[in-house]
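J.: What follows is protein_25.txt, compact mmCIF, C-alpha atoms.
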```
# COMPACT_ATOMS: atom_id res chain seq x y z
CA MET A 1092 95.78 136.17 94.30
CA ASP A 1093 94.12 135.78 97.71
CA SER A 1094 92.71 132.41 96.63
CA TYR A 1095 96.26 131.42 95.62
CA LYS A 1096 97.42 132.16 99.15
CA LYS A 1097 94.53 130.19 100.62
CA TYR A 1098 95.45 127.11 98.61
CA MET A 1099 99.18 127.57 99.20
CA LEU A 1100 98.54 127.74 102.95
CA GLU A 1101 96.78 124.39 102.61
CA CYS A 1102 99.83 123.05 100.72
CA ILE A 1103 102.05 124.28 103.54
CA LYS A 1104 99.88 122.36 106.05
CA LEU A 1105 100.35 119.22 103.96
CA ALA A 1106 104.10 119.93 103.71
CA LYS A 1107 104.31 120.17 107.50
CA GLN A 1108 102.71 116.71 107.73
CA ALA A 1109 105.33 115.41 105.30
CA LEU A 1110 108.11 116.96 107.39
CA ALA A 1111 106.69 115.48 110.60
CA ASN A 1112 107.09 112.05 108.95
CA GLY A 1113 110.72 112.70 107.97
CA ASN A 1114 110.05 113.62 104.34
CA PRO A 1115 110.98 116.71 102.36
CA PRO A 1116 108.33 119.34 103.16
CA VAL A 1117 106.25 119.23 99.99
CA GLY A 1118 102.49 119.53 99.81
CA SER A 1119 100.42 119.72 96.67
CA LEU A 1120 96.80 120.32 95.64
CA LEU A 1121 94.78 120.11 92.46
CA VAL A 1122 91.98 122.65 92.28
CA PHE A 1123 89.13 122.72 89.77
CA GLU A 1124 86.53 125.51 89.83
CA ASN A 1125 87.58 126.56 93.36
CA LYS A 1126 87.24 123.03 94.71
CA ILE A 1127 90.13 120.88 95.92
CA ILE A 1128 89.95 117.67 93.88
CA GLY A 1129 93.26 116.10 94.90
CA ARG A 1130 95.76 116.32 97.76
CA GLY A 1131 99.30 115.04 98.03
CA ILE A 1132 101.74 114.77 100.94
CA GLU A 1133 105.36 113.95 100.09
CA SER A 1134 106.16 110.50 101.46
CA GLY A 1135 108.98 109.09 99.32
CA LYS A 1136 111.49 108.92 102.17
CA SER A 1137 109.18 107.44 104.80
CA SER A 1138 107.61 104.91 102.40
CA GLY A 1139 110.83 103.98 100.60
CA ASP A 1140 108.95 104.57 97.31
CA ILE A 1141 110.55 107.36 95.28
CA THR A 1142 107.32 107.85 93.29
CA GLN A 1143 105.47 109.05 96.39
CA HIS A 1144 105.97 112.74 95.57
CA ALA A 1145 103.26 115.20 96.58
CA GLU A 1146 102.35 116.19 93.02
CA ILE A 1147 101.99 112.58 91.86
CA LEU A 1148 99.88 111.76 94.91
CA ALA A 1149 97.66 114.81 94.29
CA VAL A 1150 97.02 113.64 90.71
CA LYS A 1151 96.37 110.06 91.89
CA ASP A 1152 93.95 111.40 94.51
CA ALA A 1153 92.10 113.45 91.87
CA LEU A 1154 91.90 110.38 89.62
CA ALA A 1155 90.60 108.26 92.53
CA ASN A 1156 88.01 110.97 93.24
CA GLY A 1157 86.70 110.72 89.66
CA TYR A 1158 88.20 113.92 88.21
CA ARG A 1159 90.14 112.45 85.26
CA ASP A 1160 88.23 114.50 82.70
CA VAL A 1161 89.01 117.88 84.30
CA LEU A 1162 92.73 117.54 85.05
CA GLU A 1163 93.68 119.71 82.07
CA LYS A 1164 91.40 122.47 83.36
CA SER A 1165 92.73 122.20 86.93
CA VAL A 1166 95.33 124.29 88.71
CA MET A 1167 98.14 122.56 90.59
CA PHE A 1168 99.45 124.23 93.72
CA SER A 1169 102.68 123.02 95.29
CA THR A 1170 105.13 124.29 97.88
CA HIS A 1171 107.96 123.28 95.52
CA GLU A 1172 108.57 123.30 91.80
CA PRO A 1173 107.73 119.83 90.48
CA CYS A 1174 110.75 117.61 89.83
CA ILE A 1175 111.46 116.01 86.47
CA MET A 1176 109.37 112.93 87.32
CA CYS A 1177 106.38 114.96 88.51
CA SER A 1178 106.71 117.33 85.57
CA TYR A 1179 106.31 114.42 83.16
CA LEU A 1180 103.04 113.47 84.89
CA ILE A 1181 101.83 117.08 84.79
CA ARG A 1182 102.55 117.33 81.06
CA HIS A 1183 100.99 113.92 80.37
CA HIS A 1184 97.73 115.08 81.98
CA GLN A 1185 98.08 118.54 80.36
CA ILE A 1186 97.57 120.42 83.62
CA SER A 1187 97.57 123.97 82.32
CA LYS A 1188 98.48 126.10 85.33
CA LEU A 1189 100.94 125.70 88.21
CA ILE A 1190 101.19 127.91 91.30
CA LEU A 1191 104.45 127.22 93.12
CA GLY A 1192 106.33 128.30 96.22
CA VAL A 1193 110.03 127.72 95.59
CA SER A 1194 112.17 126.46 92.72
CA VAL A 1195 114.17 123.24 92.80
CA PRO A 1196 117.23 124.14 90.70
CA PHE A 1197 118.94 120.78 90.12
CA VAL A 1198 115.92 118.60 89.32
CA GLY A 1199 113.05 121.04 88.76
CA GLY A 1200 110.97 120.67 85.63
CA GLN A 1201 111.43 124.35 84.78
CA SER A 1202 114.53 125.71 86.55
CA SER A 1203 116.92 122.80 85.94
CA GLU A 1204 118.59 121.99 82.64
CA PHE A 1205 115.77 119.43 82.09
CA LYS A 1206 112.94 121.78 81.10
CA ILE A 1207 110.07 119.30 80.89
CA LEU A 1208 107.57 121.98 81.93
CA GLU A 1209 108.84 124.33 79.20
CA THR A 1210 109.16 122.13 76.11
CA GLU A 1211 106.52 122.11 73.42
CA ASN A 1212 108.36 119.51 71.34
CA VAL A 1213 106.25 116.56 72.53
CA PRO A 1214 103.12 116.75 70.33
CA LYS A 1215 100.63 115.06 72.65
CA TRP A 1216 101.62 117.28 75.61
CA GLY A 1217 100.22 120.39 73.94
CA ASN A 1218 101.06 123.86 75.21
CA LYS A 1219 103.34 124.35 78.19
CA PRO A 1220 101.57 125.22 81.45
CA GLU A 1221 101.35 128.73 82.80
CA ILE A 1222 103.62 128.91 85.85
CA GLU A 1223 103.60 131.37 88.73
CA MET A 1224 106.57 130.94 91.05
CA GLY A 1225 107.16 132.51 94.43
CA ILE A 1226 103.71 132.36 96.04
CA LEU A 1227 104.41 132.28 99.82
CA ARG A 1228 108.08 131.70 98.97
CA GLU A 1229 109.32 132.73 102.41
CA GLU A 1230 107.07 130.23 104.20
CA CYS A 1231 108.22 127.46 101.86
CA GLU A 1232 111.88 128.35 102.37
CA ILE A 1233 111.37 128.18 106.15
CA LEU A 1234 110.10 124.61 105.71
CA ASN A 1235 113.23 123.77 103.70
CA GLU A 1236 115.39 125.08 106.54
CA GLU A 1237 113.41 122.98 109.03
CA PHE A 1238 114.05 119.91 106.84
CA LYS A 1239 117.79 120.65 106.74
CA ASP A 1240 117.76 120.93 110.54
CA TYR A 1241 115.85 117.64 110.75
CA LEU A 1242 118.45 115.92 108.57
CA LEU A 1243 121.33 117.31 110.62
CA LYS A 1244 119.69 116.21 113.87
CA HIS A 1245 118.79 112.69 112.72
CA PHE A 1246 121.73 111.82 110.52
CA GLN A 1247 124.77 113.25 112.29
CA HIS A 1248 127.76 110.94 112.55
```
For the structure just supplied, provide its representation as C-alpha cells.

T.:
Amino acid sequence: MDSYKKYMLECIKLAKQALANGNPPVGSLLVFENKIIGRGIESGKSSGDITQHAEILAVKDALANGYRDVLEKSVMFSTHEPCIMCSYLIRHHQISKLILGVSVPFVGGQSSEFKILETENVPKWGNKPEIEMGILREECEILNEEFKDYLLKHFQH
C-alpha cells in the first residue's frame, strides 16, 4: 500500500503539470516490477488532440521504451478512472491491475454505464483487470476543484 501511495504521488505531480497547461489534472504511470516504464500527462485540451489522455500517453511511453511484452504484467496508476477510450486501450493491452484516485461517473470505464473495464465478453481481452479505487482520493479531488476554479477564471463571460 505504501508503494501505491508513492506512485500515486508521482501521478499527482504529473497531474499538476497537466493542470498548469490548462488540461484536466490527470497523471498516469505504468509500473512493472517496481520500475516506472511509462508516464503520461493529460494534454488533450492544450494540444487540441482528444487522444492525448494521460493513460494513453503512459502506454505509448512504455511502448516507446521497449516494454511491449510486459504491459499485461504491469500496474497502471492514475489520478482518475480511465475514460471509455483509455479503457479500450487498457483492455487491448490486457493490463491486469489498475490503482486509481477518483471515479469519472459519466465516461469512466468502470463507473459509467459503459463498463469496458468490467466486461469479459470480448474474447481477446481476457479477464477484467483488478481495480483499486480511492488511493489518495482527497488529493485527486482537490486537483479537480483547482481545475474547476481554473475553468471559471479563464472562461467567464

J.: Please tell me which residues are no farther than 9 Å from (102.8, 115.8, 93.7) in the file, counting all atoms listed in the file, and write them as a PyMOL selection string.

T.: chain A and resi 1117-1120+1130-1133+1143-1151+1167+1169+1173+1177

J.: Pick from A:Asn1114, A:Gln1201, A:Ser1137, A:Asn1156: nearest to Ile1222 (chain A), with all atoms listed in the file counted?

T.: A:Gln1201

J.: Restricting the calculation to only C-alpha atoms: of A:Leu1243, A:Leu1234, A:Val1122, A:Ile1186, which residue gets closest to Asn1218 (chain A)?

T.: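 Under the stated criterion, the closest residue is A:Ile1186.
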
J.: Quick one: of A:Ala1155, A:Ala1109, A:Leu1208, A:Val1166, who's nearest to Leu1180 (chain A), counting all atoms listed in the file?

T.: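 Ranking A:Ala1155, A:Ala1109, A:Leu1208, A:Val1166 by distance to Leu1180 (chain A), first place goes to A:Leu1208.
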
J.: So which residues fall inside 9 Å of (91.3, 123.9, 91.0) if we count only C-alpha atoms? Mind giving them as a list of chain:residue names?

T.: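 It turns out the residues near that spot are A:Leu1120, A:Leu1121, A:Val1122, A:Phe1123, A:Glu1124, A:Asn1125, A:Lys1126, A:Ile1127, A:Ile1128, A:Gly1129, A:Leu1162, A:Lys1164, A:Ser1165, A:Val1166, A:Met1167, A:Phe1168.
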
J.: Smallest atom-to-atom distance to Lys1107 (chain A): which of A:Thr1170, A:Ile1207, A:Lys1188, A:Phe1246, using all atoms listed in the file?

T.: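 Looking only at the distances to Lys1107 (chain A), the closest residue turns out to be A:Thr1170.
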
J.: Select, from A:Asn1112, A:Gln1185, A:Ser1094, A:Thr1142, the residue with the minimum atom-to-atom distance to Glu1211 (chain A), counting only C-alpha atoms.

T.: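 For Glu1211 (chain A), the nearest of the given residues is A:Gln1185.
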
J.: Using CA of Ile1141 (chain A) and CA of Ser1187 (chain A) as the two end points, give the distance in Å to one decimal.

T.: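 Computing it gives 24.7 Å between the two atoms.
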
J.: Would you mind reading off the distance between CA of Gly1157 (chain A) and CA of Gly1200 (chain A), one decimal, in Å?

T.: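 Interatomic distance here is 26.5 Å.
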
J.: Between CA of Leu1191 (chain A) and CA of Met1099 (chain A), what distance in Å does the model show, to one decimal?

T.: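 Going from CA of Leu1191 (chain A) over to CA of Met1099 (chain A) covers 8.1 Å.
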
J.: Nearest to His1183 (chain A): which of A:Glu1204, A:Tyr1158, A:Pro1116, A:Pro1220 is it, counting all atoms listed in the file?

T.: A:Pro1220

J.: Residues within 7 Å of Arg1228 (chain A), please, as a PyMOL selection string. Count all atoms listed in the file; anything in the same chain fewer than 3 positions from it doesn't count.

T.: chain A and resi 1192-1193+1225+1231-1232

J.: N, CA and C atoms for region 1128-1160 of chain A, written as a short mmCIF file (atom, residue, chain, number, x, y, z; two decimals), in the coordinates of the input, could you do that?

T.:
```
data_model
loop_
_atom_site.label_atom_id
_atom_site.label_comp_id
_atom_site.auth_asym_id
_atom_site.auth_seq_id
_atom_site.Cartn_x
_atom_site.Cartn_y
_atom_site.Cartn_z
N ILE A 1128 90.32 118.99 94.41
CA ILE A 1128 89.95 117.67 93.88
C ILE A 1128 91.01 116.61 94.15
N GLY A 1129 92.20 117.05 94.59
CA GLY A 1129 93.26 116.10 94.90
C GLY A 1129 94.27 116.70 95.86
N ARG A 1130 94.76 115.88 96.79
CA ARG A 1130 95.76 116.32 97.76
C ARG A 1130 96.93 115.34 97.74
N GLY A 1131 98.13 115.90 97.96
CA GLY A 1131 99.30 115.04 98.03
C GLY A 1131 100.27 115.50 99.10
N ILE A 1132 100.75 114.52 99.88
CA ILE A 1132 101.74 114.77 100.94
C ILE A 1132 102.98 113.95 100.60
N GLU A 1133 104.09 114.62 100.42
CA GLU A 1133 105.36 113.95 100.09
C GLU A 1133 105.61 112.81 101.08
N SER A 1134 105.89 111.62 100.56
CA SER A 1134 106.16 110.50 101.46
C SER A 1134 107.17 109.51 100.87
N GLY A 1135 107.98 109.95 99.95
CA GLY A 1135 108.98 109.09 99.32
C GLY A 1135 109.99 108.52 100.30
N LYS A 1136 110.46 109.36 101.20
CA LYS A 1136 111.49 108.92 102.17
C LYS A 1136 110.90 107.93 103.18
N SER A 1137 109.76 108.30 103.76
CA SER A 1137 109.18 107.44 104.80
C SER A 1137 108.64 106.13 104.24
N SER A 1138 108.17 106.13 102.98
CA SER A 1138 107.61 104.91 102.40
C SER A 1138 108.67 104.06 101.70
N GLY A 1139 109.81 104.68 101.37
CA GLY A 1139 110.83 103.98 100.60
C GLY A 1139 110.48 103.90 99.12
N ASP A 1140 109.41 104.58 98.70
CA ASP A 1140 108.95 104.57 97.31
C ASP A 1140 109.16 105.95 96.71
N ILE A 1141 110.17 106.07 95.86
CA ILE A 1141 110.55 107.36 95.28
C ILE A 1141 109.41 108.02 94.49
N THR A 1142 108.41 107.25 94.06
CA THR A 1142 107.32 107.85 93.29
C THR A 1142 106.27 108.53 94.18
N GLN A 1143 106.46 108.46 95.47
CA GLN A 1143 105.47 109.05 96.39
C GLN A 1143 105.71 110.55 96.60
N HIS A 1144 105.83 111.28 95.50
CA HIS A 1144 105.97 112.74 95.57
C HIS A 1144 104.59 113.37 95.68
N ALA A 1145 104.53 114.53 96.31
CA ALA A 1145 103.26 115.20 96.58
C ALA A 1145 102.44 115.44 95.32
N GLU A 1146 103.09 115.88 94.24
CA GLU A 1146 102.35 116.19 93.02
C GLU A 1146 101.75 114.94 92.40
N ILE A 1147 102.51 113.85 92.40
CA ILE A 1147 101.99 112.58 91.86
C ILE A 1147 100.82 112.11 92.71
N LEU A 1148 100.96 112.21 94.02
CA LEU A 1148 99.88 111.76 94.91
C LEU A 1148 98.64 112.63 94.77
N ALA A 1149 98.81 113.93 94.51
CA ALA A 1149 97.66 114.81 94.29
C ALA A 1149 96.91 114.40 93.02
N VAL A 1150 97.66 114.09 91.96
CA VAL A 1150 97.02 113.64 90.71
C VAL A 1150 96.32 112.29 90.94
N LYS A 1151 96.99 111.36 91.62
CA LYS A 1151 96.37 110.06 91.89
C LYS A 1151 95.10 110.22 92.72
N ASP A 1152 95.12 111.14 93.68
CA ASP A 1152 93.95 111.40 94.51
C ASP A 1152 92.81 111.95 93.65
N ALA A 1153 93.12 112.89 92.77
CA ALA A 1153 92.10 113.45 91.87
C ALA A 1153 91.52 112.36 90.97
N LEU A 1154 92.38 111.48 90.46
CA LEU A 1154 91.90 110.38 89.62
C LEU A 1154 90.98 109.45 90.43
N ALA A 1155 91.40 109.13 91.66
CA ALA A 1155 90.60 108.26 92.53
C ALA A 1155 89.26 108.90 92.88
N ASN A 1156 89.24 110.24 92.91
CA ASN A 1156 88.01 110.97 93.24
C ASN A 1156 87.13 111.19 92.01
N GLY A 1157 87.54 110.65 90.85
CA GLY A 1157 86.70 110.72 89.66
C GLY A 1157 86.87 111.98 88.81
N TYR A 1158 88.01 112.66 88.92
CA TYR A 1158 88.20 113.92 88.21
C TYR A 1158 89.12 113.81 86.99
N ARG A 1159 89.24 112.64 86.41
CA ARG A 1159 90.14 112.45 85.26
C ARG A 1159 89.87 113.43 84.13
N ASP A 1160 88.61 113.67 83.85
CA ASP A 1160 88.23 114.50 82.70
C ASP A 1160 88.48 116.00 82.88
#
```
